[in-house]
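Working notes, beginning with the structure itself.
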Amino acid sequence: MPQLSAAPVAPDRYANPAYRWYAVLVMMGVYLCHALDRSMAGILVEPIKAEFGLTDTQAGLYAGTGYGLAFAIFVVPMGLLSDRVNRRNLLAALVATWSICTALGGFARNYGQLVVARMGVGAAEAGSAPLAMPMLSDIFPAGRRSFVVGIFYMSTNVGSVLASVAGGYIAAEHGWRTALLVAGLPGLFFAVLLLLTVQEPRRGGAEQAGAEGLEKAASPREVARFLVRNPAVVALIVGCGLLSLLSVTFGAWSASFFIRAHGLSLAEAGLLLGLGGGAAGTCAPPIFGWLGDKLAARHGSWPLRLVWCGALIAICAGMMMLFVPVLAVAALGYAIGEFMRSGYPPTSFGVLMTQSPVRMRGAIMALVQFASVFLGWGMGPLFIGLLSDLYGGGLGIRYALANALLLYLPAAGLFLYAQWKMFPNNPARRSA
């Protein structure tokens, strides 16, 4: 097993811009596998329900809550580890672990085994963002951070596209078990590539002073004190959690909605979600990140403005998707909503990493992921499944998803509050 101890690392390789982007590319491959394995459950809900005779509530427990519970338990310890150990080595070990757990789901002989394998995926994936995001922040300075995070987060939607298109096709032609087995393979390749070719970046290496990376990691008490003194950071963490809930919920149930409301086959629904929503979601992170960096040079509040404005637009797009009977218009509504849902990580995470001390960035990112997964994967799909059953199942999924759209309002309010507290009147300074 790779050594996880934190050792001094020479920063010279990251002086080469080409190597910096190579490291980003490899980490994008790792995060693509994260998104692929996480999202596969959404496209497989219907065939798994049919084989095991599940209700929508049980399907939501498998697709979201089992994964989210394990993720929530492990994410904060992973964040604390991120500030103390060699992040590259730990990330390589984790991507191999969650890939194996994904493949093991294909061997499940009952519902309980399937949920246990899904929980293994969630436990291992808990370390992905708390490890990757601080690494990126140590490679690129604040003035380029949102754009780099936006490029990085393209991998999330590419992974979701692969889950929808390839997963839907493989499940339709060869069964859902084969789809899970195939999904587990790429992660093993990227685990080896990361371990052998990417260097651990020096902590604080991208900061102007550069010396903060020599300090010891913050204790849990210091992190708690920082949050108490910075309520705007807490607002961003909770706001990200609500937006994650909406993103996960629509990712987990949109295929079922189009199958039930528009009579699509599993493969057709996967193709629609993969090509339409996937293309929109893949373009959104770099566009939001680029706009965030450009506009932040004029005023630091702009990255957060982009998020809450996008949340309000997503409400209208969601209503279009759910209640317009024409398939093409409903698909357009899904694509617009997916674009808006996918744009928040680069801008909000870039602001969070810049506003947080270097020595506690892993812990702060872990708290963001805890909120995102506890609310998103832990509650979103299960909550919608319960609501759908209360509405009578079947087309009741339409009204359950419509209820979820209301959560965009408090999410927008939290980002507006964070913008007001963090950037009241101060123009942004251009970063070197």
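To be explicit about the labels: the chains of the structure tokens are called A, B, and onward in the order shown, and within each one the residues are counted from 1, while ligands get numbers from 1 in the order they are shown.
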
Counting only C-alpha atoms, what is within 12 Å of Ala172 (chain A), bar same-chain residues fewer than 4 positions away, as a JSON list (two decimals) with C-alpha atoms, in the first residue's frame?
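Now in out16.json:
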```json
[["chain", "number", "residue", "atom", "x", "y", "z"],
["A", 43, "ILE", "CA", -29.59, 5.27, -14.75],
["A", 44, "LEU", "CA", -29.94, 1.74, -13.32],
["A", 46, "GLU", "CA", -35.58, 1.02, -13.20],
["A", 47, "PRO", "CA", -33.95, -2.37, -14.04],
["A", 48, "ILE", "CA", -32.79, -2.82, -10.42],
["A", 164, "SER", "CA", -26.17, 7.81, -18.72],
["A", 165, "VAL", "CA", -25.16, 6.92, -22.28],
["A", 166, "ALA", "CA", -22.75, 4.00, -21.86],
["A", 167, "GLY", "CA", -24.40, 2.77, -18.67],
["A", 168, "GLY", "CA", -27.86, 2.92, -20.23],
["A", 176, "TRP", "CA", -27.27, -3.74, -15.13],
["A", 177, "ARG", "CA", -24.72, -6.06, -13.49],
["A", 178, "THR", "CA", -22.41, -5.80, -16.50],
["A", 179, "ALA", "CA", -22.79, -2.02, -16.45],
["A", 265, "SER", "CA", -36.96, 3.35, -23.16],
["A", 266, "LEU", "CA", -34.05, 3.05, -20.74],
["A", 267, "ALA", "CA", -31.51, 3.49, -23.55],
["A", 268, "GLU", "CA", -33.42, 6.48, -25.00],
["A", 269, "ALA", "CA", -33.62, 8.17, -21.59],
["A", 270, "GLY", "CA", -29.92, 7.59, -21.04],
["A", 271, "LEU", "CA", -29.12, 9.09, -24.45]]
```

Could I get the residues of region 354-431 of chain A with an atom no further than 12 Å from an atom of region 75-78 of chain A, each paired with its nearest atom pair and that distance in Å to one decimal, using only C-alpha atoms, sorted by chain and residue number, as JSON lines?
```
{"residue": "A:Met360", "atom": "CA", "partner": "A:Val76", "partner_atom": "CA", "distance": 11.8}
{"residue": "A:Arg361", "atom": "CA", "partner": "A:Val76", "partner_atom": "CA", "distance": 11.8}
{"residue": "A:Gly362", "atom": "CA", "partner": "A:Met78", "partner_atom": "CA", "distance": 8.1}
{"residue": "A:Ala363", "atom": "CA", "partner": "A:Val76", "partner_atom": "CA", "distance": 6.7}
{"residue": "A:Ile364", "atom": "CA", "partner": "A:Val76", "partner_atom": "CA", "distance": 8.9}
{"residue": "A:Met365", "atom": "CA", "partner": "A:Val76", "partner_atom": "CA", "distance": 8.8}
{"residue": "A:Ala366", "atom": "CA", "partner": "A:Val76", "partner_atom": "CA", "distance": 5.2}
{"residue": "A:Leu367", "atom": "CA", "partner": "A:Val76", "partner_atom": "CA", "distance": 6.3}
{"residue": "A:Val368", "atom": "CA", "partner": "A:Val75", "partner_atom": "CA", "distance": 9.4}
{"residue": "A:Gln369", "atom": "CA", "partner": "A:Val75", "partner_atom": "CA", "distance": 6.9}
{"residue": "A:Phe370", "atom": "CA", "partner": "A:Val75", "partner_atom": "CA", "distance": 6.0}
{"residue": "A:Ala371", "atom": "CA", "partner": "A:Val75", "partner_atom": "CA", "distance": 9.8}
{"residue": "A:Ser372", "atom": "CA", "partner": "A:Val75", "partner_atom": "CA", "distance": 10.6}
{"residue": "A:Val373", "atom": "CA", "partner": "A:Val75", "partner_atom": "CA", "distance": 9.2}
{"residue": "A:Phe374", "atom": "CA", "partner": "A:Val75", "partner_atom": "CA", "distance": 10.1}
```

For the interface of region 136-255 of chain A with region 317-330 of chain A (cut-off 12 Å, counting only C-alpha atoms), please tabulate each contacting residue of region 136-255 of chain A alongside its nearest pair of atoms and their separation in Å to one decimal, rows sorted by chain and increasing number, as CSV.
```
residue,atom,partner,partner_atom,distance
A:Leu246,CA,A:Gly318,CA,10.5
A:Ser247,CA,A:Gly318,CA,11.4
A:Thr249,CA,A:Gly318,CA,12.0
A:Phe250,CA,A:Gly318,CA,9.3
A:Trp253,CA,A:Leu322,CA,11.7
A:Ser254,CA,A:Met321,CA,9.6
```

Which of these residues is nearest to Pro346 (chain A), using only C-alpha atoms: A:Arg221, A:Arg398, A:Arg145, A:Arg38? A:Arg145

So that I can see what lies close to Gly241 (chain A), please list as a list of chain:residue names the residues with an atom at most 6 Å from it, counting only C-alpha atoms and leaving out residues fewer than 2 positions away in the same chain. A:Val238, A:Gly239, A:Leu243, A:Ser244, A:Ala371, A:Ser372, A:Leu375

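Checking A:Leu36, A:Ala296, A:Leu406, A:Leu382 one by one against Phe423 (chain A), counting only C-alpha atoms, you find the shortest gap at A:Ala296.
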
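CA of Leu242 (chain A) is found 7.5 Å from CA of Tyr408 (chain A).
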
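The neighbours of Gln113 (chain A) here are the residues that come within 12 Å of it, using only C-alpha atoms and leaving out any residue fewer than 5 positions away in the same chain; they are Phe52, Tyr62, Gly66, Cys101, Thr102, Leu104, Gly105, Gly106, Phe107, Ala108, Arg118, Met119 and Gly120 of chain A.
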
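Closest to Gly112 (chain A) among A:Cys316, A:Leu295, A:Val248, A:Ala59 is A:Ala59, based on only C-alpha atoms.
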
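Rounded to one decimal, CA of Leu312 (chain A) and CA of Ser342 (chain A) lie 13.6 Å from each other.
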
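Comparing the minimum interatomic distances between Thr347 (chain A) and each of A:Tyr31, A:Phe288, A:Phe71, A:Tyr334, counting only C-alpha atoms, we find that A:Phe288 sits nearest.
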
Which residues of region 186-302 of chain A sit at most 9 Å from region 21-26 of chain A, using only C-alpha atoms? Give each one's shortest atom pair and distance in Å (one decimal place), in chain and ascending residue order, as a tab-separated table.
```
residue	atom	partner	partner_atom	distance
A:Phe190	CA	A:Val26	CA	7.1
A:Leu193	CA	A:Val26	CA	7.4
A:Leu194	CA	A:Val26	CA	6.3
A:Thr197	CA	A:Ala23	CA	8.3
A:Val198	CA	A:Ala23	CA	5.8
A:Gln199	CA	A:Ala23	CA	7.9
```

For the residues in the current selection, export C-alpha atoms as a short mmCIF file (atom, residue, chain, number, x, y, z; two decimals), in the first residue's frame.
```cif
data_model
loop_
_atom_site.label_atom_id
_atom_site.label_comp_id
_atom_site.auth_asym_id
_atom_site.auth_seq_id
_atom_site.Cartn_x
_atom_site.Cartn_y
_atom_site.Cartn_z
CA PHE A 190 -6.17 6.30 -13.06
CA LEU A 193 -1.35 6.86 -13.27
CA LEU A 194 -1.86 9.30 -10.39
CA THR A 197 3.24 10.41 -12.52
CA VAL A 198 1.73 13.19 -10.35
CA GLN A 199 3.79 14.87 -7.66
#
```
